[in-house]
Amino acid sequence: MAAITATFSVEAKWGEMDLGLTGKAALVSGATSGIGLAIARRLGEEGCRVAICGRNETMLGAAVDELVGSAIDAVGVKADMRVARDVRALVERTVEAFGGLDIVVSNAGTHLAGRIGEVTAEELAAHLETKVVGAWELARLAAPHMHKRGGGRFIVVIGQAGKVPQAGAIASAVVNAAQHAFVKSLSDELGRCNILVNAVCPSRIATPLTGKLALHNELYLGRSLEQQESGWGAEVPLGRWGDPEDVADAVAFLASERAGFICGANIDVDGGHQRSIL
Amino acid sequence: MDLRLGGKAALVTGGSRGIGRAIAEALLREGASVAICARNPEALAQTVGALERIGPPMLAKVADVTDAGAVAAFVDAAASALGRVDILVNNAGTHLRGTVEDTTIDVLERQLHDKAFGFFLAIRAVAPIMKAQRDGRIVNIVGQAARHPHPDRFPSGVTNAALLAITKSAADALARHNIRVNSVCPQYIETELLAALIDKEMRERGVDRATAAAGFTRANVLGRLGRPEEVADLVAYLVSDRARFVTGSSVSIDGGYHRYVFG
């Protein structure tokens, strides 16, 4: 068998992967902490101008200050994704600030724990309004602006409860499965206009949210934080939890010009946690 | 985005043409040294001639991935020439068409050997090296015949489903050694393989090239064929530290073709 070897002393310029994000206008919902803030920071570092929203004005101010402090062109808009006029104002303010809109990351929403006897219909509805109805309104209002730019990206962050139902996660399982159906259907509708819709599916990411869940388990289940953390690692194939930056990197890739043929797809950022082969 | 692939060593099977060649090129451009194998020595030499000027060290070896000895020899040669094996991209394979009725056991065996068993052999060959390094990144280039079965894609559907199972099982088994295993499922990428399928359509249906090609572009949401470079960019992301918490995942790159909600 013939082997052909070529070795060069290396002076060639190996570039970083050019994501083509410089100057793009991005909007990230639910971005005052955790995964959303990491996504806003990552997109900003890649050259995007970033609008973020959240419900808590103090947290929003702090998040914008942090981004601006890192030399990121960022604006904050106080908005509740359950309120249609808030979503409209959010899109309008973003377009006003940046002159258009190229990338939307729908990240707002949380995990709703509890068995069916513990979660009321009203709580489920509020959860659905934030993660599905709010994202719907966001897509409806953002798409025309992306059309004007000749294309865009709409990325939905969907917790793995949608693919991996488990005890005490029925509300998230139902709502997140609806998010998956939304992503695939929306990708069909907008794909022909070069607006690419995809999902990033995190699980086992250490965030302020999981910190609260851990505290809850410590108080009510009597499991120490150390016990919980060792247990967490054990159930993840990679043997550890991820961090918000892991999710942000996947979002940045999908938002980029490098992901021009990916449409209606998911990337799992879960350390191998989900059990389907698809 | 700095993928931090400089100094990494990558193996790409079926690296002389199409998607495999584009992957080798993308990894070289990110600063990784790359070993490719393929069956055809002329195609291999031509590809090395074109890609070696990018800069990082390159190695090419004639190998048929269905032959366990040849796979082991390729991995050994790459490990000694490049000093490490950080990345394996299993790409060599073919796409055989046929229904459950007209596929003979020989055809099904050939498809399984050419693709599934070849991927399996290469994973087995690199695993000990990656375990010793406590670092490895494997990507299997699978295809969408598993997610989107079709009566005329029986051999590919069976093989690709097996490959997704291999990906998930290998990801589970190797995760604790910090070896990540993912698959990429392309469809409708502009390659010689697709050109051959368009030729086949022209012959069988008696239509011109534009009509035959339109059947392929219409089949996906974006209304165009993807480029090998686009698959290569996804692979570069997945083998990089930027995807360090991604394992056991199967990522579609098909212009929206597949109809499955969860992926």
# chains A, B, ... in the order shown; residues from 1 in each chain; ligands from 1

$ residues_around --residues "B:Thr94" --least-positions-apart "4" --cutoff "10 Å" --atoms "only C-alpha atoms" --output "JSON, numbers by chain"
{"B": [14, 110, 111, 112, 113, 114, 115, 156, 193]}

$ write_last_selection --atoms "C-alpha atoms" --output "PDB file, in the first residue's frame"
ATOM      1  CA  GLY B  14     -13.067   8.421   1.998  1.00  0.00           C
ATOM      2  CA  ARG B 110     -22.168  -4.954   0.557  1.00  0.00           C
ATOM      3  CA  GLN B 111     -23.905  -1.813   1.811  1.00  0.00           C
ATOM      4  CA  LEU B 112     -23.443  -2.861   5.450  1.00  0.00           C
ATOM      5  CA  HIS B 113     -19.781  -3.739   4.857  1.00  0.00           C
ATOM      6  CA  ASP B 114     -18.975  -0.600   2.873  1.00  0.00           C
ATOM      7  CA  LYS B 115     -20.421   1.722   5.462  1.00  0.00           C
ATOM      8  CA  SER B 156     -29.237   2.640   2.930  1.00  0.00           C
ATOM      9  CA  LEU B 193     -22.577  10.534  -5.867  1.00  0.00           C
TER      10      LEU B 193
END

$ residues_around --residues "stretch 193-201 of chain A" --least-positions-apart "3" --cutoff "7 Å" --atoms "only C-alpha atoms" --output "short mmCIF file (atom, residue, chain, number, x, y, z; two decimals) with N, CA and C atoms, in the first residue's frame"
data_model
loop_
_atom_site.label_atom_id
_atom_site.label_comp_id
_atom_site.auth_asym_id
_atom_site.auth_seq_id
_atom_site.Cartn_x
_atom_site.Cartn_y
_atom_site.Cartn_z
N HIS A 147 -37.05 39.08 6.00
CA HIS A 147 -37.35 39.10 4.56
C HIS A 147 -36.64 40.28 3.90
N GLY A 150 -33.19 39.69 3.13
CA GLY A 150 -32.90 38.56 2.23
C GLY A 150 -32.64 37.26 2.96
N GLY A 151 -32.95 37.22 4.25
CA GLY A 151 -32.77 35.98 5.00
C GLY A 151 -32.50 36.25 6.46
N GLY A 152 -32.38 35.18 7.24
CA GLY A 152 -32.10 35.35 8.65
C GLY A 152 -32.04 34.01 9.36
N ARG A 153 -31.97 34.08 10.66
CA ARG A 153 -31.92 32.87 11.48
C ARG A 153 -32.89 33.02 12.64
N PHE A 154 -33.64 31.96 12.93
CA PHE A 154 -34.52 31.94 14.09
C PHE A 154 -34.19 30.66 14.85
N ILE A 155 -33.61 30.82 16.02
CA ILE A 155 -33.13 29.66 16.78
C ILE A 155 -33.88 29.57 18.10
N VAL A 156 -34.43 28.41 18.38
CA VAL A 156 -35.19 28.21 19.61
C VAL A 156 -34.40 27.30 20.55
N VAL A 157 -34.26 27.75 21.78
CA VAL A 157 -33.59 26.93 22.79
C VAL A 157 -34.68 26.08 23.47
N ILE A 158 -34.56 24.77 23.32
CA ILE A 158 -35.60 23.86 23.83
C ILE A 158 -34.98 22.88 24.82
N GLY A 159 -35.40 22.94 26.05
CA GLY A 159 -34.91 22.01 27.06
C GLY A 159 -35.22 20.57 26.69
N GLN A 160 -34.37 19.66 27.10
CA GLN A 160 -34.49 18.26 26.66
C GLN A 160 -35.69 17.53 27.24
N VAL A 183 -40.83 24.63 15.74
CA VAL A 183 -39.57 24.80 15.01
C VAL A 183 -39.64 24.13 13.63
N LEU A 186 -42.28 25.94 11.38
CA LEU A 186 -41.81 27.28 11.02
C LEU A 186 -40.65 27.19 10.03
N SER A 187 -39.80 26.18 10.19
CA SER A 187 -38.66 26.03 9.28
C SER A 187 -39.15 25.75 7.86
N LEU A 190 -40.55 29.24 6.47
CA LEU A 190 -39.63 30.35 6.24
C LEU A 190 -38.38 29.97 5.45
N ALA A 250 -23.12 26.55 20.30
CA ALA A 250 -23.98 25.88 19.31
C ALA A 250 -24.90 26.89 18.63
N VAL A 251 -25.45 27.82 19.42
CA VAL A 251 -26.32 28.86 18.85
C VAL A 251 -25.53 29.73 17.87
N CYS A 263 -31.56 23.33 8.31
CA CYS A 263 -32.91 23.90 8.37
C CYS A 263 -33.82 22.88 9.03
N GLY A 264 -34.56 23.29 10.04
CA GLY A 264 -35.47 22.37 10.72
C GLY A 264 -34.75 21.27 11.47
N ALA A 265 -33.56 21.56 11.99
CA ALA A 265 -32.74 20.54 12.66
C ALA A 265 -32.53 20.91 14.13
N ASN A 266 -32.01 19.98 14.88
CA ASN A 266 -31.68 20.18 16.30
C ASN A 266 -30.22 19.85 16.54
N ILE A 267 -29.60 20.55 17.46
CA ILE A 267 -28.31 20.09 18.00
C ILE A 267 -28.52 19.88 19.50
N ASP A 268 -28.24 18.69 19.98
CA ASP A 268 -28.35 18.40 21.41
C ASP A 268 -27.07 18.86 22.09
N VAL A 269 -27.21 19.67 23.14
CA VAL A 269 -26.03 20.08 23.93
C VAL A 269 -26.31 19.56 25.34
N LEU B 222 -35.26 24.37 1.26
CA LEU B 222 -34.48 25.51 0.79
C LEU B 222 -34.46 25.61 -0.74
#

$ residues_around --residues "stretch 45-49 of chain B" --least-positions-apart "4" --cutoff "8 Å" --atoms "only C-alpha atoms" --output "list of chain:residue names"
A:Ile4, B:Ser16, B:Arg17, B:Arg21, B:Pro41, B:Arg53, B:Met58, B:Leu59, B:Ala60

$ select_by_dssp --residues "stretch 25-103 of chain B" --states "strand (DSSP E)" --output "PyMOL selection string"
chain B and resi 33-38+58-62+87-90

$ write_last_selection --atoms "C-alpha atoms" --output "short mmCIF file (atom, residue, chain, number, x, y, z; two decimals), in the first residue's frame"
data_model
loop_
_atom_site.label_atom_id
_atom_site.label_comp_id
_atom_site.auth_asym_id
_atom_site.auth_seq_id
_atom_site.Cartn_x
_atom_site.Cartn_y
_atom_site.Cartn_z
CA SER B 33 -2.97 17.90 10.41
CA VAL B 34 -4.98 15.43 8.37
CA ALA B 35 -4.65 11.82 7.23
CA ILE B 36 -6.99 10.67 4.49
CA CYS B 37 -7.62 7.25 3.03
CA ALA B 38 -9.47 6.12 -0.05
CA MET B 58 -0.89 15.59 5.54
CA LEU B 59 -0.78 11.88 5.00
CA ALA B 60 -2.64 9.78 2.50
CA LYS B 61 -2.96 6.03 2.37
CA VAL B 62 -4.75 3.68 0.03
CA ILE B 87 -10.29 13.29 15.41
CA LEU B 88 -11.87 10.56 13.30
CA VAL B 89 -14.34 11.40 10.58
CA ASN B 90 -15.98 8.26 9.22
#

$ residues_around --residues "stretch 38-41 of chain A" --least-positions-apart "3" --cutoff "6 Å" --atoms "only C-alpha atoms" --output "ChimeraX atom specification"
/A:35,44,244-245,248

$ closest_residue --among "A:Ala89, A:Val83, A:Ile116, A:Leu101" --to "A:Ile170" --atoms "only C-alpha atoms"
A:Ile116

$ residues_around --residues "B:Ala145" --least-positions-apart "5" --cutoff "10 Å" --atoms "only C-alpha atoms" --output "PyMOL selection string"
chain B and resi 95+150+152-161+185-187+258

$ write_last_selection --atoms "C-alpha atoms" --output "short mmCIF file (atom, residue, chain, number, x, y, z; two decimals), in the first residue's frame"
data_model
loop_
_atom_site.label_atom_id
_atom_site.label_comp_id
_atom_site.auth_asym_id
_atom_site.auth_seq_id
_atom_site.Cartn_x
_atom_site.Cartn_y
_atom_site.Cartn_z
CA HIS B 95 -25.41 4.61 -1.15
CA HIS B 150 -38.07 5.50 1.30
CA ASP B 152 -36.26 2.52 -2.85
CA ARG B 153 -33.62 3.11 -0.17
CA PHE B 154 -33.85 -0.16 1.70
CA PRO B 155 -30.09 -0.94 1.91
CA SER B 156 -29.24 2.64 2.93
CA GLY B 157 -32.12 2.90 5.39
CA VAL B 158 -31.06 -0.27 7.18
CA THR B 159 -27.39 0.74 7.19
CA ASN B 160 -27.97 4.31 8.32
CA ALA B 161 -30.27 3.23 11.14
CA CYS B 185 -26.85 13.37 8.40
CA PRO B 186 -26.52 15.12 5.05
CA GLN B 187 -28.96 14.86 2.18
CA HIS B 258 -36.54 15.31 6.65
#
